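Asks: Mind having a look at this structure? Questions to follow.
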Amino acid sequence: MSCTEASMDALRQVGDDLADAVVAELFERGEVGKFNTLMRYVSTAGAPLPDGLPDVAREYLQVTSVPPAWVDWTEMEKARLFFIDNNVHISTALSFASMPACYVVPHVAKLLSATHGLSYPSKRMAETGQFTVYLMQPDAFEAGSRFIPAAQKVRLLHASIRHHLKRENRWDTAAMGTPICQEDMIGGQMFFSLLVLDSMHRLGIHMSVEGAEAYFYAWRVVGAILGIDQDAVPKTLEEARQFLDLYMVRHMGPSDEGVRLTRQLIDLYEEVVPGTLFDPLVSALIRYLIGDTCADWLQVPRTSWDTVVKTVPHLLGVLETIEDRSPLGAWALDRLGHLTSIFELSSLTRGRVMHYAIPEQLKQDFGVSSTLGRTHRWTPPTGLK
């Protein structure tokens, strides 16, 4: 497949017909609150659906309860092993590259700011971390797993945001297309797959082509479950690169919401890092992974650690050498990575299980800013390809 301005423009007009229809009926019948209450008891795949669940929701949950028929389970097992071997690196890339990348797309930052309360700024990061952990479990697609129910709820969450914004005329569809459109959903898939791989490479992590392709494949499966049109989604890393480059050129830029969300992210991780000595490392790592231009747009502080953080790839290279040469060292580092990831997730969730619910309303101060849309489209510097 090839990405063009015309093909991307077409994707901006399309949402998710199945989930959109379910959400519209739930709101029309006044059953959203009832659905959210009952769905708190649906957390594992294969569990009986609760009595009283609205019929439209019951049908949706049954239809979307199984993964696509085309899934290659051998490839998914490779992805799981890749995640186990690189869990701390993947968590680092998600936290310090993927999330800030979302914030550097102004209309995406606007949506995130509108749908997550300022009183709990880590909610989005906690949900993403928990979702990824669920995905990479050995039984992710089997009875008793938590991934499929989480994916079903996230898909409806996206549909509910589209519903609110369109119904209340709080989104300039003519200028920006459908909110959480196919282009943005594919872009998000690229942030959590290709950009993670890019960040790991920048950190000096040794990856096999086979492992990287399997990780990317796993997120293709996730995209299908979340309602992404598989005819439009990139199938290879090369196609993904073309899509992500064009997507970022079309949309990346500064915004007040992006700055605010980034500040919340930095504050959150500075709280997680013990003491205050290493607090500047958070900003330095974000700047190192997303680059100075994006970091400046997000007002990521420059610190004395900006130079120090460039030595991280060398340190990780030493650790990987130990891992390659010593079975005991490999076991110890894998265990340390696992514990680090669990600590990071528990810090974000504050020990709670995150529940993905349909918001009955958006924040009241949400509005369409004149800084959004194509008027501030980023133009790459001369000679940049």
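Here's how to read the names in the structure tokens: chain A, B, ... by the order shown, residue numbers from 1 in each chain, ligand numbers from 1 in the order shown.
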For the structure I just gave you, how does DSSP split region 76-149 of chain A - specifically, which residues are helix (DSSP H, G or I)? Reply as a ChimeraX atom specification.
Replies: /A:76-103,106-115,123-135,147-149
Asks: Check which residues of region 93-204 of chain A sit at most 10 Å from region 220-224 of chain A using only C-alpha atoms, and return one row each with the closest pair of atoms and their distance in Å to one decimal, ordered by chain and rising number, as a Markdown table.
Replies:
```
| residue | atom | partner | partner_atom | distance |
| --- | --- | --- | --- | --- |
| A:Thr132 | CA | A:Val222 | CA | 9.9 |
| A:Leu135 | CA | A:Val222 | CA | 8.3 |
| A:Phe147 | CA | A:Val222 | CA | 9.7 |
| A:Ile148 | CA | A:Val222 | CA | 9.5 |
| A:Ala151 | CA | A:Val222 | CA | 7.9 |
| A:Arg155 | CA | A:Gly223 | CA | 9.9 |
| A:Met185 | CA | A:Gly223 | CA | 7.9 |
| A:Ile186 | CA | A:Gly223 | CA | 7.5 |
| A:Gly188 | CA | A:Gly223 | CA | 9.3 |
| A:Gln189 | CA | A:Gly223 | CA | 6.6 |
| A:Met190 | CA | A:Arg220 | CA | 9.3 |
| A:Ser193 | CA | A:Arg220 | CA | 8.8 |
```
Asks: Those same residues, written as a short mmCIF file (atom, residue, chain, number, x, y, z; two decimals), in the first residue's frame with N, CA, C and O atoms?
Replies:
```cif
data_model
loop_
_atom_site.label_atom_id
_atom_site.label_comp_id
_atom_site.auth_asym_id
_atom_site.auth_seq_id
_atom_site.Cartn_x
_atom_site.Cartn_y
_atom_site.Cartn_z
N THR A 132 -1.25 -2.77 27.58
CA THR A 132 -0.11 -3.45 26.97
C THR A 132 0.26 -4.71 27.75
O THR A 132 0.57 -5.75 27.16
N LEU A 135 -2.13 -7.39 26.90
CA LEU A 135 -1.91 -7.90 25.55
C LEU A 135 -0.81 -8.95 25.52
O LEU A 135 -0.91 -9.94 24.80
N PHE A 147 -7.47 -9.08 28.36
CA PHE A 147 -7.21 -8.22 27.22
C PHE A 147 -8.44 -7.95 26.36
O PHE A 147 -8.75 -6.80 26.05
N ILE A 148 -9.15 -9.00 25.96
CA ILE A 148 -10.29 -8.82 25.05
C ILE A 148 -11.35 -7.89 25.66
O ILE A 148 -11.81 -6.94 25.00
N ALA A 151 -10.11 -4.35 25.44
CA ALA A 151 -10.14 -3.83 24.07
C ALA A 151 -11.57 -3.48 23.65
O ALA A 151 -11.80 -2.45 22.99
N ARG A 155 -12.69 0.39 22.62
CA ARG A 155 -13.33 0.68 21.32
C ARG A 155 -14.61 1.50 21.52
O ARG A 155 -14.88 2.45 20.78
N MET A 185 -6.46 6.75 14.49
CA MET A 185 -6.32 5.45 15.13
C MET A 185 -5.11 4.70 14.58
O MET A 185 -4.37 4.05 15.33
N ILE A 186 -4.89 4.78 13.27
CA ILE A 186 -3.70 4.15 12.70
C ILE A 186 -2.45 4.87 13.18
O ILE A 186 -1.43 4.25 13.50
N GLY A 188 -2.08 6.32 16.04
CA GLY A 188 -1.84 5.84 17.40
C GLY A 188 -1.21 4.47 17.41
O GLY A 188 -0.32 4.18 18.22
N GLN A 189 -1.66 3.61 16.51
CA GLN A 189 -1.07 2.27 16.40
C GLN A 189 0.41 2.38 16.06
O GLN A 189 1.24 1.62 16.57
N MET A 190 0.77 3.33 15.19
CA MET A 190 2.18 3.53 14.83
C MET A 190 2.99 4.05 16.02
O MET A 190 4.14 3.67 16.22
N SER A 193 3.75 1.10 18.27
CA SER A 193 4.49 -0.01 17.67
C SER A 193 5.79 0.48 17.04
O SER A 193 6.87 0.32 17.62
#
```
Asks: Of the candidates A:Pro280, A:Gly227, A:Gly30, A:Pro106, which shows the shortest atom-to-atom distance to Asp267 (chain A), using only C-alpha atoms?
Replies: A:Pro280
Asks: Restricting the calculation to only C-alpha atoms: of A:Ile205, A:Ala114, A:Ala240, A:Leu94, which residue gets closest to Ile161 (chain A)?
Replies: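 With only C-alpha atoms as the atom set, the closest residue is A:Ala114.
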Asks: Which residues come within 8 Å of His163 (chain A), counting only C-alpha atoms, excluding same-chain residues fewer than 6 positions away, as a list in words?
Replies: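 Once the nearby chain positions are removed, what remains is Asp20, Val23 and Ala24 of chain A.
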Asks: So which one's closest to Ala21 (chain A), A:Ala45, A:Ala140, A:Leu261, A:Arg162? Using only C-alpha atoms, please.
Replies: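 Ranking A:Ala45, A:Ala140, A:Leu261, A:Arg162 by distance to Ala21 (chain A), first place goes to A:Arg162.
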Asks: Nearest to Ala101 (chain A) among A:Val209, A:Ile290, A:Ala69, A:Ile225, with distances taken over only C-alpha atoms: which residue is it?
Replies: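 With only C-alpha atoms as the atom set, the closest residue is A:Ile290.
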Asks: For region 52-61 of chain A, please output as a PyMOL selection string all residues within 8 Å (counting only C-alpha atoms; exclusion window: fewer than 6 positions along the same chain).
Replies: chain A and resi 19+22+25-26+31+34-35+38+152
Asks: Name all residues at most 12 Å from Asp184 (chain A) (count only C-alpha atoms; drop same-chain ones fewer than 3 positions away) and give them as a PDB file with C-alpha atoms, in the first residue's frame.
Replies:
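And here is the file that came out, part.pdb:
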```pdb
ATOM      1  CA  MET A   8      -5.046  10.169   4.399  1.00  0.00           C
ATOM      2  CA  ASP A   9      -7.757  12.786   3.827  1.00  0.00           C
ATOM      3  CA  ALA A  10     -10.221   9.975   3.108  1.00  0.00           C
ATOM      4  CA  LEU A  11      -9.290   8.226   6.363  1.00  0.00           C
ATOM      5  CA  ARG A  12     -10.048  11.440   8.290  1.00  0.00           C
ATOM      6  CA  GLN A  13     -13.724  11.127   7.373  1.00  0.00           C
ATOM      7  CA  VAL A  14     -14.224   7.600   8.732  1.00  0.00           C
ATOM      8  CA  GLY A  15     -14.865   6.435  12.294  1.00  0.00           C
ATOM      9  CA  ASP A  16     -15.972   2.962  13.430  1.00  0.00           C
ATOM     10  CA  CYS A 102       0.587  11.899  21.051  1.00  0.00           C
ATOM     11  CA  VAL A 105      -0.369  16.283  17.530  1.00  0.00           C
ATOM     12  CA  PRO A 106      -2.552  19.239  18.604  1.00  0.00           C
ATOM     13  CA  HIS A 107      -6.002  17.784  17.933  1.00  0.00           C
ATOM     14  CA  VAL A 108      -5.031  14.529  19.684  1.00  0.00           C
ATOM     15  CA  ALA A 109      -3.728  16.464  22.684  1.00  0.00           C
ATOM     16  CA  LEU A 111      -8.985  15.114  22.833  1.00  0.00           C
ATOM     17  CA  HIS A 158     -13.464   5.992  21.387  1.00  0.00           C
ATOM     18  CA  MET A 176     -10.477  18.297  11.045  1.00  0.00           C
ATOM     19  CA  GLY A 177     -12.581  15.351   9.898  1.00  0.00           C
ATOM     20  CA  THR A 178     -14.153  12.813  12.224  1.00  0.00           C
ATOM     21  CA  PRO A 179     -12.777  12.839  15.783  1.00  0.00           C
ATOM     22  CA  ILE A 180     -10.700   9.731  16.535  1.00  0.00           C
ATOM     23  CA  CYS A 181     -10.897   8.904  12.849  1.00  0.00           C
ATOM     24  CA  GLY A 187      -1.399   6.952  13.789  1.00  0.00           C
ATOM     25  CA  GLY A 188      -1.845   5.841  17.401  1.00  0.00           C
ATOM     26  CA  GLN A 189      -1.070   2.274  16.400  1.00  0.00           C
ATOM     27  CA  MET A 190       2.176   3.528  14.835  1.00  0.00           C
ATOM     28  CA  PHE A 191       3.079   5.446  18.014  1.00  0.00           C
ATOM     29  CA  GLY A 223      -5.716  -2.399  15.724  1.00  0.00           C
ATOM     30  CA  ILE A 228      -9.152  -0.113  12.539  1.00  0.00           C
ATOM     31  CA  ASP A 229      -9.815  -0.767   8.850  1.00  0.00           C
ATOM     32  CA  ALA A 232      -5.910   0.879   5.240  1.00  0.00           C
ATOM     33  CA  VAL A 233      -3.446  -0.146   7.942  1.00  0.00           C
ATOM     34  CA  PHE A 243       2.469   6.298   7.033  1.00  0.00           C
ATOM     35  CA  LEU A 244       3.967   7.668  10.250  1.00  0.00           C
ATOM     36  CA  TYR A 247       1.007  11.576   9.447  1.00  0.00           C
ATOM     37  CA  MET A 248       3.474  13.577  11.535  1.00  0.00           C
ATOM     38  CA  ARG A 250       0.500  16.598   8.281  1.00  0.00           C
ATOM     39  CA  HIS A 251      -0.359  17.162  11.929  1.00  0.00           C
ATOM     40  CA  MET A 252       2.508  17.691  14.370  1.00  0.00           C
TER      41      MET A 252
END
```
